[in-house]
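Worksheet: the structure to be examined is printed underneath.
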Protein chains: 2
Amino acid sequence: MISERSFEVLRAIVQDYVSTREPVGSKALIERHAFGVSSATIRNDMALLEEEGLIHAPHTSAGRVPTDLGYRLFVDRLNELKQLSAAERQAMETLLTDTVDLDEILGRSVRLLSRLTNQVAMIQYPTLGGARVRSVELVSVGDSRAIIILVSDNGRIQQHVQDLGSSIEPDELAKLRNLLDSKLRGAALADVSKLTVDLGSSLSPEHSRVLTALVLPLLELVDSNRQDKLMVAGTANLVRSEGDFGGNITSLLDAIEEHVVLLRLISDMEADGDAVSLRIGSENQIEGLSSASVLVTGYGSQTQNVAKVGVIGPTRMDYSSNIAAIRAIARYLSKSLGA
Amino acid sequence: MISERSFEVLRAIVQDYVSTREPVGSKALIERHAFGVSSATIRNDMALLEEEGLIHAPHTSAGRVPTDLGYRLFVDRLNELKQLSAAERQAMETLLTDTVDLDEILGRSVRLLSRLTNQVAMIQYPTLGGARVRSVELVSVGDSRAIIILVSDNGRIQQHVQDLGSSIEPDELAKLRNLLDSKLRGAALADVSKLTVDLGSSLSPEHSRVLTALVLPLLELVDSNRQDKLMVAGTANLVRSEGDFGGNITSLLDAIEEHVVLLRLISDMEADGDAVSLRIGSENQIEGLSSASVLVTGYGSQTQNVAKVGVIGPTRMDYSSNIAAIRAIARYLSKSLGA
DNA sequence: TATTGGCACTCAGGGAGTAAGAGTGCTAAC
DNA sequence: GTTAGCACTCTTACTCCCTGAGTGCCAATA
């Protein structure tokens, strides 16, 4: 078991390393922090921490650097979070006003988050979760193609263009639309699939086929397990802190552009309540993310989170500030989408 | 006036520099290209080219590097374009199949382009240009907000959520919707604004107000001069060729994330027919793009280009291949959206 | 006049060697 | 348990020097 002071030493090492970018030695440590003991004592503590695998010396005669495990312990014991500055609050406030369009809201939020944290920020598009159908539209486009539009009561619109294989009369389509609309209106999204099948069985085979062809692909998109869109901002920040990744930055950038991979990753990370969940360095199995940390939390309605928001950055980051920023953005998003 | 051979020397310098990344000297030049003259003669030509500001020596005793002006001349006299390889054609073909959704088409195209060129690729969302209105929907959301959805005959959907200030009865809205739909259906997008005003004048002031509040913001989006969305892919490629930008890469990345700036830039670049228009290095006034080249061309229907597609990369790039790739993608996009 | 061979000159880049500085671990004393 | 002291280890930065690539210029040549 490591002593209380040893942990304080770890905390100091993390903080100093994060701000100076350089391995921190025993001497520098006692200069900057009032431990009330000599450097030799600190050295003993450091030897202990190294035994525990919490810190590590790049070479014999350099200072110490936190390991992934060290960051993890630091984060787990992190209790006081930094407050956002007045200016940052201000930015949030102005963001809050007069944005209605979902793309717009998410876009601004993700850019703001990347500015607040100086990291790469990402926002997963919200699922429709427990939302209900407000209306359904079918519109024919060209000869054999049709658009199905589904508007849900949280203001989100899903659309899908589908090739039907054979042409269909506009008034037939209009009839279908009315049927579908009256059947689905007010239904929970989760039930749409079943209701459509029900409806299909009471129709002619041809109509039933068209119906299924239209609704199913849309549902795949809507399905709460397939929130397959992600918005990313601030990749430039990555380059700025290139030194913190051993030149590996290209593979990291590649990974970030692979939204599918990121989505899978953040789906695996739980985010209950307003807790920020994080993966530090090698805790991340994904190739290219091995020296990066990923922090996410959920946002959504009071009752249930519908999607995630977070940042990606070097393991050597200011966790305290970043966690605070992510939380603030998530709170804002929840408020602004819950309305 | 520079002689024919001098121009050949310039061409050789550009080609060698692009492939080797190193300043090219007179000796290396005669080894790789069969000029049939001695290195001393080449040196004379090089001195000439330098006087003309087409090439430039990093320091007294290094080879020569093309200047922006040199690239420009090279490009202007570029007549034979590289062909896409069989594998590249193959990739295009598979891309062509079974994609219907606009986002999907653009997304795949931009990623393909970035892979083909190894540069940052960008695609501007198509305007609705000369498209016609297929249908209009009004859907109320919450108390005083409504969504207006405009579907055009090229399958594109525009939507806008608008706060109306005061609440409105659902059936009132339905009435409005029917009016609007019957009035606008089949109209060219360019005329929508005028038609709406016409319609408004025949309505009660309150209805007219609501109508304008709904349609105008949508039109702003639709307006052919405000194609304000851009899709970008392959930023990782930028980092890979970081050396070609004097470490300036952060500001470049920042500029690329500023889609507004990029959109303004590419709007200024003309793209008649299937010509690829380009800005080389300092020809670009934009801060951060001073050592980058931007190549774009238009895509769209046969009669008229509706948006641009292109790449951004270091001035030291393989113009010939990249131009060919951009053209191929533009042709594909035109075909796939014109249908 | 255009081309060529020859020559002196310049300069970036790559070792090798060196000195300084930071940091460590260990031991003995408090 | 803490501290002072000391010998030892590396990294980093700097300097010096050399080599090689490349140039410009000049006089000779076709």
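Chain identifiers are assigned as A, B, and so on, following the order in which chains appear in the structure tokens; residues are numbered from 1 within each chain, and ligands are numbered from 1 in order of appearance.
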Near chain B, 12 Å: chain D residue rows, closest pairs, only C-alpha atoms (C1' of nucleotides), as a tab-separated table:
```
residue	atom	partner	partner_atom	distance
D:DG20	C1'	B:Ser61	CA	10.7
D:DA21	C1'	B:Ala62	CA	7.1
D:DG22	C1'	B:Ser61	CA	4.9
D:DT23	C1'	B:Ser61	CA	5.8
D:DG24	C1'	B:Arg43	CA	9.0
D:DC25	C1'	B:Asn44	CA	10.8
```
Exercise. Could you give me, as JSON, numbers by chain, the residues within 10 Å of region 2-13 of chain D, counting only C-alpha atoms (C1' of nucleotides) and dropping anything in the same chain fewer than 5 positions from it?
Key: {"A": [37, 38, 39, 40, 41, 59, 60, 61, 62], "C": [19, 20, 21, 22, 23, 24, 25, 26, 27, 28, 29, 30]}
For those residues, write N, CA and C atoms (P, O5', C5', C4', C3', O3' and C1' of nucleotides) to a file as a compact mmCIF listing (two decimals), in the first residue's frame.
```txt
# COMPACT_ATOMS: atom_id res chain seq x y z
N VAL A 37 9.71 18.07 3.05
CA VAL A 37 10.75 17.05 3.23
C VAL A 37 11.83 17.29 2.18
N SER A 38 12.92 16.60 2.29
CA SER A 38 14.02 16.84 1.36
C SER A 38 13.86 16.01 0.09
N SER A 39 14.72 16.33 -0.86
CA SER A 39 14.64 15.64 -2.15
C SER A 39 14.95 14.15 -2.00
N ALA A 40 15.81 13.83 -1.06
CA ALA A 40 16.16 12.42 -0.87
C ALA A 40 14.93 11.61 -0.48
N THR A 41 14.14 12.19 0.39
CA THR A 41 12.91 11.50 0.80
C THR A 41 11.99 11.27 -0.39
N HIS A 59 15.12 7.27 -19.03
CA HIS A 59 16.45 6.68 -18.97
C HIS A 59 17.05 6.94 -17.61
N THR A 60 18.14 6.22 -17.37
CA THR A 60 18.72 6.21 -16.04
C THR A 60 18.70 7.54 -15.34
N SER A 61 19.11 8.54 -16.07
CA SER A 61 19.33 9.79 -15.38
C SER A 61 18.44 10.90 -15.90
N ALA A 62 17.17 10.61 -15.93
CA ALA A 62 16.20 11.66 -16.27
C ALA A 62 15.17 11.66 -15.16
P DA C 19 36.43 18.54 -21.94
O5' DA C 19 35.43 19.64 -21.38
C5' DA C 19 34.91 20.65 -22.26
C4' DA C 19 33.56 21.09 -21.74
C3' DA C 19 33.44 21.02 -20.22
O3' DA C 19 32.82 22.21 -19.75
C1' DA C 19 31.74 19.72 -21.21
P DA C 20 32.54 22.36 -18.19
O5' DA C 20 30.95 22.34 -18.19
C5' DA C 20 30.25 22.91 -19.31
C4' DA C 20 28.76 22.74 -19.10
C3' DA C 20 28.32 22.85 -17.64
O3' DA C 20 27.08 23.53 -17.58
C1' DA C 20 27.72 20.73 -18.49
P DG C 21 26.51 23.97 -16.14
O5' DG C 21 25.22 23.06 -16.08
C5' DG C 21 24.56 22.71 -17.28
C4' DG C 21 23.47 21.71 -16.98
C3' DG C 21 22.96 21.74 -15.54
O3' DG C 21 21.56 21.54 -15.56
C1' DG C 21 23.76 19.58 -16.03
P DA C 22 20.72 21.95 -14.26
O5' DA C 22 19.72 20.72 -14.26
C5' DA C 22 19.37 20.10 -15.50
C4' DA C 22 19.04 18.66 -15.24
C3' DA C 22 18.37 18.44 -13.88
O3' DA C 22 17.22 17.67 -14.06
C1' DA C 22 20.23 16.98 -14.14
P DG C 23 16.22 17.50 -12.83
O5' DG C 23 16.56 16.01 -12.43
C5' DG C 23 16.47 15.01 -13.45
C4' DG C 23 17.06 13.75 -12.92
C3' DG C 23 16.65 13.46 -11.47
O3' DG C 23 15.89 12.27 -11.40
C1' DG C 23 18.97 13.13 -11.82
P DT C 24 15.40 11.76 -9.97
O5' DT C 24 16.24 10.42 -9.85
C5' DT C 24 16.54 9.69 -11.04
C4' DT C 24 17.59 8.65 -10.71
C3' DT C 24 17.35 7.98 -9.36
O3' DT C 24 17.11 6.59 -9.53
C1' DT C 24 19.62 8.77 -9.56
P DG C 25 16.45 5.84 -8.31
O5' DG C 25 17.67 4.99 -7.70
C5' DG C 25 18.64 4.44 -8.56
C4' DG C 25 19.80 3.92 -7.74
C3' DG C 25 19.41 3.27 -6.42
O3' DG C 25 20.25 2.14 -6.20
C1' DG C 25 20.77 5.16 -5.97
P DC C 26 20.02 1.16 -4.98
O5' DC C 26 21.23 1.56 -4.02
C5' DC C 26 22.49 1.88 -4.60
C4' DC C 26 23.46 2.34 -3.53
C3' DC C 26 23.19 1.78 -2.13
O3' DC C 26 24.41 1.35 -1.55
C1' DC C 26 23.24 4.13 -2.05
P DT C 27 24.39 0.40 -0.26
O5' DT C 27 25.27 1.25 0.75
C5' DT C 27 26.28 2.12 0.24
C4' DT C 27 26.66 3.13 1.32
C3' DT C 27 26.40 2.64 2.75
O3' DT C 27 27.47 3.05 3.59
C1' DT C 27 25.27 4.65 2.42
P DA C 28 27.66 2.35 5.00
O5' DA C 28 28.02 3.60 5.91
C5' DA C 28 28.62 4.77 5.30
C4' DA C 28 28.19 5.99 6.10
C3' DA C 28 28.04 5.73 7.61
O3' DA C 28 28.48 6.88 8.31
C1' DA C 28 25.99 6.50 6.75
P DA C 29 28.66 6.84 9.88
O5' DA C 29 27.76 8.07 10.33
C5' DA C 29 28.01 9.36 9.79
C4' DA C 29 26.78 10.22 9.99
C3' DA C 29 26.34 10.38 11.45
O3' DA C 29 26.10 11.75 11.71
C1' DA C 29 24.52 9.69 10.12
P DC C 30 25.91 12.23 13.22
O5' DC C 30 24.39 12.71 13.26
C5' DC C 30 23.92 13.62 12.26
C4' DC C 30 22.42 13.65 12.33
C3' DC C 30 21.83 13.82 13.74
O3' DC C 30 20.90 14.87 13.74
C1' DC C 30 20.77 12.04 12.62
```
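CA of Ile329 (chain B) is positioned 10.2 Å from CA of Leu106 (chain B).
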Exercise. Enumerate the residues of region 12-202 of chain A with a DSSP assignment of helix (DSSP H, G or I), computed from the backbone, and present them as a ChimeraX atom specification.
Key: /A:12-20,26-32,39-51,68-76,86-96,102-117,170-184,189-201
Quiz prompt | Polymer residues at most 10 Å from Ser109 (chain B), only C-alpha atoms (C1' of nucleotides), same-chain spacing of 2 or more positions, as a PyMOL selection string | solution = chain B and resi 92+95-96+103-107+111-115+121-123+231+233+309+329-330+332-333
Kindly export the residues of the current selection with N, CA and C atoms, as a compact mmCIF listing (two decimals), in the first residue's frame.
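result06.txt, freshly written:
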```
# COMPACT_ATOMS: atom_id res chain seq x y z
N MET B 92 -13.28 3.04 -58.39
CA MET B 92 -14.35 3.94 -58.80
C MET B 92 -15.62 3.16 -59.14
N LEU B 95 -17.41 1.92 -56.19
CA LEU B 95 -18.02 3.05 -55.51
C LEU B 95 -19.34 3.40 -56.18
N LEU B 96 -19.34 3.27 -57.49
CA LEU B 96 -20.48 3.71 -58.27
C LEU B 96 -21.75 2.94 -57.94
N ASP B 103 -25.51 12.03 -48.72
CA ASP B 103 -24.41 12.02 -47.76
C ASP B 103 -23.45 10.88 -48.05
N GLU B 104 -24.04 9.76 -48.33
CA GLU B 104 -23.25 8.55 -48.59
C GLU B 104 -22.40 8.73 -49.84
N ILE B 105 -22.99 9.20 -50.89
CA ILE B 105 -22.27 9.40 -52.14
C ILE B 105 -21.10 10.36 -51.94
N LEU B 106 -21.41 11.49 -51.34
CA LEU B 106 -20.36 12.49 -51.15
C LEU B 106 -19.28 11.96 -50.22
N GLY B 107 -19.71 11.30 -49.16
CA GLY B 107 -18.75 10.77 -48.20
C GLY B 107 -17.79 9.79 -48.86
N ARG B 111 -13.67 10.44 -49.65
CA ARG B 111 -12.65 9.54 -49.11
C ARG B 111 -11.86 8.90 -50.24
N LEU B 112 -12.54 8.52 -51.28
CA LEU B 112 -11.85 7.92 -52.42
C LEU B 112 -10.86 8.91 -53.03
N LEU B 113 -11.31 10.13 -53.19
CA LEU B 113 -10.43 11.14 -53.78
C LEU B 113 -9.18 11.35 -52.93
N SER B 114 -9.37 11.34 -51.63
CA SER B 114 -8.21 11.55 -50.78
C SER B 114 -7.27 10.36 -50.85
N ARG B 115 -7.83 9.18 -51.04
CA ARG B 115 -6.97 8.01 -51.18
C ARG B 115 -6.25 8.03 -52.52
N ALA B 121 -8.86 15.88 -49.41
CA ALA B 121 -9.89 16.05 -50.43
C ALA B 121 -11.08 16.78 -49.84
N MET B 122 -11.77 17.55 -50.69
CA MET B 122 -12.96 18.23 -50.20
C MET B 122 -14.03 18.23 -51.27
N ILE B 123 -15.26 18.18 -50.79
CA ILE B 123 -16.40 18.24 -51.70
C ILE B 123 -17.42 19.21 -51.14
N MET B 231 -17.48 18.91 -47.22
CA MET B 231 -17.06 17.65 -46.62
C MET B 231 -15.58 17.47 -46.89
N ALA B 233 -11.93 15.14 -46.21
CA ALA B 233 -11.36 13.86 -45.77
C ALA B 233 -9.87 13.82 -46.04
N VAL B 309 -15.43 20.29 -56.33
CA VAL B 309 -14.74 19.18 -55.67
C VAL B 309 -13.25 19.35 -55.94
N ILE B 329 -13.32 11.87 -60.46
CA ILE B 329 -14.33 11.92 -59.40
C ILE B 329 -15.46 12.87 -59.79
N ALA B 330 -15.11 13.99 -60.38
CA ALA B 330 -16.13 14.96 -60.76
C ALA B 330 -17.06 14.36 -61.81
N TYR B 332 -17.70 11.24 -62.21
CA TYR B 332 -18.54 10.26 -61.54
C TYR B 332 -19.68 10.93 -60.77
N LEU B 333 -19.34 11.98 -60.06
CA LEU B 333 -20.36 12.68 -59.27
C LEU B 333 -21.44 13.25 -60.17
```
Practice problem: Provide the CA of Ile286 (chain A) to CA of Asp268 (chain A) distance in Å, to one decimal place. | Solution: 12.2 Å
Practice problem: Write out as a list in words every residue belonging to chain C that has an atom at most 8 Å from any atom of chain B, counting only C-alpha atoms (C1' of nucleotides). | Solution: DT3, DT4, DT10 and DC11 of chain C
All residues 12 Å or closer to Arg264 (chain A), only C-alpha atoms (C1' of nucleotides), same chain fewer than 2 positions away omitted, as a PDB file with C-alpha atoms, in the first residue's frame:
```
ATOM      1  CA  GLN A 124     -22.095  11.337 -31.518  1.00  0.00           C
ATOM      2  CA  ASN A 225     -27.824   0.645 -31.570  1.00  0.00           C
ATOM      3  CA  ARG A 226     -26.733   2.189 -34.784  1.00  0.00           C
ATOM      4  CA  GLN A 227     -26.114   5.800 -34.082  1.00  0.00           C
ATOM      5  CA  ASP A 228     -23.602   5.761 -36.819  1.00  0.00           C
ATOM      6  CA  LYS A 229     -22.735   9.356 -37.231  1.00  0.00           C
ATOM      7  CA  LEU A 230     -20.040  11.261 -35.489  1.00  0.00           C
ATOM      8  CA  ALA A 255      -8.019   6.186 -36.609  1.00  0.00           C
ATOM      9  CA  ILE A 256      -9.889   9.398 -35.912  1.00  0.00           C
ATOM     10  CA  GLU A 258     -12.414   6.075 -39.144  1.00  0.00           C
ATOM     11  CA  HIS A 259     -15.586   7.100 -37.427  1.00  0.00           C
ATOM     12  CA  VAL A 260     -16.800   3.552 -37.345  1.00  0.00           C
ATOM     13  CA  VAL A 261     -13.941   2.542 -35.111  1.00  0.00           C
ATOM     14  CA  LEU A 262     -14.420   5.489 -32.812  1.00  0.00           C
ATOM     15  CA  ILE A 266     -17.173   4.955 -27.301  1.00  0.00           C
ATOM     16  CA  SER A 267     -20.136   2.636 -27.375  1.00  0.00           C
ATOM     17  CA  ASP A 268     -18.145   0.254 -25.235  1.00  0.00           C
ATOM     18  CA  MET A 269     -17.471   2.955 -22.696  1.00  0.00           C
ATOM     19  CA  GLU A 270     -20.190   3.292 -20.173  1.00  0.00           C
ATOM     20  CA  ASN A 284      -7.367   1.414 -25.374  1.00  0.00           C
ATOM     21  CA  GLN A 285      -6.898  -1.676 -27.433  1.00  0.00           C
ATOM     22  CA  ILE A 286      -7.255   0.169 -30.686  1.00  0.00           C
ATOM     23  CA  LYS A 308     -21.909  10.438 -26.235  1.00  0.00           C
TER      24      LYS A 308
END
```
